[in-house]
Structure formats: C-alpha cells, structure tokens
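S.K.: The structure's right below; bear with me while I get my questions together.
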Amino acid sequence: PAPGAQQMLDWERSAAMEAIRRGVYVSWRSARDANDCTRVGSHSMCYCGHTYGEHFRAKATARNLSKSNCKACKCKRYAFIPMRPEEVGMWWLVRRPDFNVHTWSPKCRCKHSHKKHNVGVSSRCRERGCGCGYFESDFACVVCDKKWEDHETVIETEAERVADGRPVGDAYLPLAEAPEIHDLVFN
C-alpha cells in the first residue's frame, strides 16, 4: 500500500490489538447501517483535538466506559474524527508538493476546520463573520461513503459485541476476512 494507506492500516491494527488486549472495543460506526467503519485506539483523534488516550488516561475498562470526559478540555464525550485525508477519500492531497499532512484537519461545509468549531452540543463556528451554526462535514467516510455526522463512536465490551454478532479477537483485526491480503499488508 501507499505510505498513507499503510499508516491507516497500521493504526487500525494497533487499535484492534488494544481492543483484544483490554476486552474493550471502540469503533467509529455508521449510525444508518450499524457497520463498523474504523477501529479506534489510544492514538485516534477526538473532535475536541485530543486523543482517545487523553480521554481515558486511566486504563479503559468495562466499568469506566461511560465516563469519557476529556482530561485536557471541556469535551464530555469522545467523538472520533479522521486524522488523515486518505481516511475521507481525499487521497490526492498528500501527493501535492506543498501539502502538509500534519497540519491538515477535516473541514465543515463552511470551509473551516473542526478546530474552529465549538466542542460539545453547540458546535457553532468560532471564525469571525461565519454564520455556521454547527459542524457539518464536507467529507465522507472512505468505508461507507456517509458523512461524519452520520456516524457515532461506539464503546463496547467483548461480551456486548459477541451478543450482537460482531467480530472479536483475531476476527476484529483489519483484513481478517482476507488472510492472504492481511499477510501481504502486515508481514
């Protein structure tokens, strides 16, 4: 895979390994069809600008899952947001000579970054002169082609996933359903 795609797959694998080790699975899921689009790990970014690991400084367990208040800001609940343009189908951006993937962030329809919007219930844009009342993504998920606001971050125990018929353990790893491709990508 291309370097950006490999980075995304490595993050997904790392998140899956964390989930398997802890027995706590975090996914960015399409609210419309209930499919998991992305595995979320301690490195994954929240809408507030802090990582999942910063939301749960203590080890995440089934007991403290409902308390996902960010320890670094006023954010009350972790909400995954993509960190790379490839995650939202904008793969061509990284090929531009002047593009910096480290400063890129997802944008609203008002063309301002999520970082320029309030965190929480009122996600009004803070950019002077912008009348945007809430963050509405100008991008779609690369997995399901639905908007950011059509997704939710779901935190589940292994038992909850098993009861719901969702993959756990090694079956939760990226490309688990295609072992030959998995081996090519990760070995």
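In the structure tokens, chains take letters A, B, ... by order of appearance, with residues numbered from 1 within each chain and ligands from 1 in the order shown.
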Show which residues sit within 9 Å of Lys74 (chain A), as a list in words. Count only C-alpha atoms, and ignore same-chain residues fewer than 3 positions away.

M.R.: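 These residues fall inside the cut-off: Cys48, Asn69, Cys70, Lys71, Val119 and Gly120 of chain A.
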
S.K.: Just asking: which residues within region 132-184 of chain A are alpha helix (DSSP H) according to DSSP, as a ChimeraX atom specification?

M.R.: /A:158-163,179-184

S.K.: Please, could you write that set of residues out with N, CA and C atoms as a CSV table (one decimal), in the first residue's frame?

M.R.:
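Contents of again-v4.csv, as written:
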chain,number,residue,atom,x,y,z
A,158,GLU,N,-16.3,-6.9,25.1
A,158,GLU,CA,-16.3,-8.1,24.2
A,158,GLU,C,-17.6,-8.9,24.3
A,159,ALA,N,-18.1,-9.0,25.5
A,159,ALA,CA,-19.4,-9.7,25.6
A,159,ALA,C,-20.5,-9.0,24.8
A,160,GLU,N,-20.6,-7.7,24.8
A,160,GLU,CA,-21.6,-7.0,24.1
A,160,GLU,C,-21.5,-7.2,22.6
A,161,ARG,N,-20.2,-7.2,22.1
A,161,ARG,CA,-20.0,-7.5,20.7
A,161,ARG,C,-20.4,-8.9,20.3
A,162,VAL,N,-20.1,-9.9,21.1
A,162,VAL,CA,-20.4,-11.3,20.9
A,162,VAL,C,-21.9,-11.4,20.8
A,163,ALA,N,-22.6,-10.8,21.8
A,163,ALA,CA,-24.1,-10.9,21.9
A,163,ALA,C,-24.7,-10.2,20.6
A,179,PRO,N,-7.3,-13.4,4.7
A,179,PRO,CA,-6.0,-13.7,5.3
A,179,PRO,C,-4.8,-13.5,4.4
A,180,GLU,N,-5.0,-13.7,3.1
A,180,GLU,CA,-3.9,-13.6,2.1
A,180,GLU,C,-3.5,-12.1,2.0
A,181,ILE,N,-4.5,-11.2,1.9
A,181,ILE,CA,-4.2,-9.8,1.8
A,181,ILE,C,-3.6,-9.3,3.1
A,182,HIS,N,-4.2,-9.8,4.3
A,182,HIS,CA,-3.7,-9.4,5.6
A,182,HIS,C,-2.2,-9.7,5.7
A,183,ASP,N,-1.8,-10.9,5.3
A,183,ASP,CA,-0.4,-11.3,5.3
A,183,ASP,C,0.5,-10.4,4.5
A,184,LEU,N,0.0,-10.0,3.3
A,184,LEU,CA,0.8,-9.2,2.4
A,184,LEU,C,0.9,-7.8,3.0

S.K.: Hey, what does DSSP flag as strand (DSSP E or B) within region 93-174 of chain A? Can you give it to me as a list in words?

M.R.: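 Everything in region 93-174 of chain A that counts as strand (DSSP E or B) is Lys107, Cys108, Ser113, His117, Cys125, Ser137, Ala140, Lys147, His151, Glu152, Thr153, Val154, Ile155, Glu156 and Thr157 of chain A.
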
S.K.: Write to file, as a JSON list (two decimals), in the first residue's frame, the residues of the selection just made, with all heavy atoms.

M.R.:
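That gives us part.json:
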[["chain", "number", "residue", "atom", "x", "y", "z"],
["A", 107, "LYS", "N", -12.78, 19.40, 7.44],
["A", 107, "LYS", "CA", -13.46, 20.69, 7.34],
["A", 107, "LYS", "C", -14.97, 20.53, 7.37],
["A", 107, "LYS", "O", -15.52, 19.49, 7.03],
["A", 107, "LYS", "CB", -13.06, 21.38, 6.04],
["A", 107, "LYS", "CG", -11.56, 21.61, 5.90],
["A", 107, "LYS", "CD", -11.24, 23.06, 5.78],
["A", 107, "LYS", "CE", -9.79, 23.37, 5.57],
["A", 107, "LYS", "NZ", -8.82, 22.62, 6.27],
["A", 108, "CYS", "N", -15.60, 21.63, 7.74],
["A", 108, "CYS", "CA", -17.05, 21.77, 7.74],
["A", 108, "CYS", "C", -17.48, 22.30, 6.37],
["A", 108, "CYS", "O", -16.65, 22.79, 5.59],
["A", 108, "CYS", "CB", -17.44, 22.77, 8.84],
["A", 108, "CYS", "SG", -19.19, 23.18, 8.92],
["A", 113, "SER", "N", -12.06, 24.44, 9.61],
["A", 113, "SER", "CA", -11.69, 23.19, 10.27],
["A", 113, "SER", "C", -12.60, 22.92, 11.47],
["A", 113, "SER", "O", -13.15, 23.84, 12.07],
["A", 113, "SER", "CB", -10.24, 23.30, 10.73],
["A", 113, "SER", "OG", -9.95, 22.35, 11.71],
["A", 117, "HIS", "N", -14.50, 25.14, 15.39],
["A", 117, "HIS", "CA", -15.87, 24.99, 15.88],
["A", 117, "HIS", "C", -15.87, 24.65, 17.38],
["A", 117, "HIS", "O", -14.92, 24.06, 17.88],
["A", 117, "HIS", "CB", -16.59, 23.88, 15.11],
["A", 117, "HIS", "CG", -16.97, 24.27, 13.72],
["A", 117, "HIS", "ND1", -16.04, 24.39, 12.70],
["A", 117, "HIS", "CD2", -18.17, 24.56, 13.18],
["A", 117, "HIS", "CE1", -16.66, 24.75, 11.60],
["A", 117, "HIS", "NE2", -17.95, 24.86, 11.85],
["A", 125, "CYS", "N", -19.43, 27.57, 14.61],
["A", 125, "CYS", "CA", -18.12, 28.00, 14.13],
["A", 125, "CYS", "C", -17.71, 29.28, 14.86],
["A", 125, "CYS", "O", -18.50, 30.20, 15.02],
["A", 125, "CYS", "CB", -18.16, 28.24, 12.62],
["A", 125, "CYS", "SG", -16.53, 28.64, 11.92],
["A", 137, "SER", "N", -19.88, 18.10, 8.13],
["A", 137, "SER", "CA", -18.69, 17.71, 7.37],
["A", 137, "SER", "C", -18.84, 17.94, 5.88],
["A", 137, "SER", "O", -19.91, 17.76, 5.31],
["A", 137, "SER", "CB", -18.37, 16.23, 7.63],
["A", 137, "SER", "OG", -19.43, 15.40, 7.20],
["A", 140, "ALA", "N", -16.78, 12.60, 3.27],
["A", 140, "ALA", "CA", -17.50, 11.36, 3.52],
["A", 140, "ALA", "C", -16.52, 10.29, 4.00],
["A", 140, "ALA", "O", -15.33, 10.35, 3.71],
["A", 140, "ALA", "CB", -18.21, 10.90, 2.26],
["A", 147, "LYS", "N", -21.56, 10.73, 5.71],
["A", 147, "LYS", "CA", -20.95, 11.90, 6.35],
["A", 147, "LYS", "C", -20.51, 11.60, 7.78],
["A", 147, "LYS", "O", -21.00, 10.66, 8.41],
["A", 147, "LYS", "CB", -21.93, 13.07, 6.35],
["A", 147, "LYS", "CG", -22.32, 13.55, 4.97],
["A", 147, "LYS", "CD", -21.14, 14.21, 4.33],
["A", 147, "LYS", "CE", -21.54, 15.03, 3.13],
["A", 147, "LYS", "NZ", -20.45, 15.79, 2.62],
["A", 151, "HIS", "N", -22.28, 9.13, 11.72],
["A", 151, "HIS", "CA", -21.54, 8.11, 12.46],
["A", 151, "HIS", "C", -21.62, 8.38, 13.96],
["A", 151, "HIS", "O", -21.96, 9.48, 14.38],
["A", 151, "HIS", "CB", -20.06, 8.12, 12.06],
["A", 151, "HIS", "CG", -19.80, 7.60, 10.69],
["A", 151, "HIS", "ND1", -20.07, 8.32, 9.55],
["A", 151, "HIS", "CD2", -19.28, 6.42, 10.28],
["A", 151, "HIS", "CE1", -19.73, 7.61, 8.50],
["A", 151, "HIS", "NE2", -19.24, 6.45, 8.91],
["A", 152, "GLU", "N", -21.27, 7.36, 14.73],
["A", 152, "GLU", "CA", -21.14, 7.51, 16.17],
["A", 152, "GLU", "C", -19.94, 6.71, 16.63],
["A", 152, "GLU", "O", -19.55, 5.75, 15.98],
["A", 152, "GLU", "CB", -22.42, 7.03, 16.87],
["A", 152, "GLU", "CG", -22.77, 5.58, 16.55],
["A", 152, "GLU", "CD", -24.13, 5.17, 17.07],
["A", 152, "GLU", "OE1", -24.73, 5.92, 17.86],
["A", 152, "GLU", "OE2", -24.59, 4.09, 16.69],
["A", 153, "THR", "N", -19.35, 7.14, 17.73],
["A", 153, "THR", "CA", -18.26, 6.38, 18.32],
["A", 153, "THR", "C", -18.90, 5.44, 19.33],
["A", 153, "THR", "O", -19.61, 5.88, 20.23],
["A", 153, "THR", "CB", -17.25, 7.30, 19.01],
["A", 153, "THR", "OG1", -16.76, 8.24, 18.03],
["A", 153, "THR", "CG2", -16.08, 6.52, 19.57],
["A", 154, "VAL", "N", -18.65, 4.15, 19.16],
["A", 154, "VAL", "CA", -19.27, 3.13, 20.00],
["A", 154, "VAL", "C", -18.20, 2.44, 20.83],
["A", 154, "VAL", "O", -17.18, 2.00, 20.29],
["A", 154, "VAL", "CB", -20.02, 2.10, 19.13],
["A", 154, "VAL", "CG1", -20.68, 1.05, 19.99],
["A", 154, "VAL", "CG2", -21.04, 2.80, 18.24],
["A", 155, "ILE", "N", -18.43, 2.35, 22.12],
["A", 155, "ILE", "CA", -17.51, 1.69, 23.04],
["A", 155, "ILE", "C", -18.26, 0.48, 23.62],
["A", 155, "ILE", "O", -19.31, 0.63, 24.23],
["A", 155, "ILE", "CB", -17.07, 2.64, 24.17],
["A", 155, "ILE", "CG1", -16.44, 3.90, 23.57],
["A", 155, "ILE", "CG2", -16.09, 1.93, 25.10],
["A", 155, "ILE", "CD1", -16.16, 5.00, 24.57],
["A", 156, "GLU", "N", -17.71, -0.73, 23.36],
["A", 156, "GLU", "CA", -18.38, -1.95, 23.75],
["A", 156, "GLU", "C", -17.42, -2.92, 24.43],
["A", 156, "GLU", "O", -16.23, -2.94, 24.11],
["A", 156, "GLU", "CB", -18.93, -2.68, 22.52],
["A", 156, "GLU", "CG", -19.85, -1.88, 21.66],
["A", 156, "GLU", "CD", -20.06, -2.51, 20.30],
["A", 156, "GLU", "OE1", -19.08, -2.65, 19.54],
["A", 156, "GLU", "OE2", -21.22, -2.87, 20.02],
["A", 157, "THR", "N", -17.97, -3.74, 25.29],
["A", 157, "THR", "CA", -17.18, -4.84, 25.85],
["A", 157, "THR", "C", -17.19, -5.99, 24.85],
["A", 157, "THR", "O", -18.01, -6.03, 23.94],
["A", 157, "THR", "CB", -17.76, -5.33, 27.18],
["A", 157, "THR", "OG1", -19.06, -5.87, 26.93],
["A", 157, "THR", "CG2", -17.83, -4.21, 28.21]]

S.K.: CA of Arg13 (chain A) and CA of Cys141 (chain A) are how many Å apart?

M.R.: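 Rounded to one decimal, the two atoms are 18.4 Å apart.
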
S.K.: I'd like to know which of A:Ala16, A:Cys144, A:Cys132, A:Val94 is closest to Ala176 (chain A), using only C-alpha atoms.

M.R.: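 Closest candidate: A:Ala16.
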
S.K.: Which residue out of A:Val143, A:Val121, A:Ala31, A:Val26 has the minimum interatomic distance to Phe80 (chain A) when only C-alpha atoms are used?

M.R.: A:Val26

S.K.: Just want the 10 Å neighbourhood of Pro174 (chain A), counted on only C-alpha atoms, with same-chain residues fewer than 2 positions away dropped. Output as a list in words.

M.R.: Leu9, Asp10, Trp11, Glu12, Arg13, Ser14, Ala15, Ala16, Thr38, Arg39, Asp170, Ala171, Tyr172, Ala176, Glu177, Ala178, Pro179, Ile181, His182, Val185 and Phe186 of chain A

S.K.: Just the residues within 6 Å of Asp36 (chain A), please, counting only C-alpha atoms, with nothing from its chain fewer than 3 positions along; format it as a list of chain:residue names.

M.R.: A:Ser27, A:Trp28, A:Arg29

S.K.: Could you check which of A:Ser30, A:Asn118, A:Ser42, A:Gln7 is closest to Glu86 (chain A), using only C-alpha atoms?

M.R.: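 That would be A:Gln7, the residue with the smallest distance to Glu86 (chain A).
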
S.K.: I'd like the interatomic distance between CA of Tyr134 (chain A) and CA of Pro82 (chain A), to a tenth of an Å.

M.R.: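 Computing the Euclidean distance for CA of Tyr134 (chain A) and CA of Pro82 (chain A) yields 17.8 Å.
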
S.K.: Distance CA of His55 (chain A)-CA of Gly23 (chain A), one decimal place?

M.R.: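 CA of His55 (chain A) sits 17.6 Å away from CA of Gly23 (chain A).
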
S.K.: Can you pull out the residues contacting Ser105 (chain A)? Cut-off 10 Å, using only C-alpha atoms, and skip same-chain residues under 2 positions away; I want them as a PyMOL selection string.

M.R.: chain A and resi 49+81-85+101-103+107-108+112-115
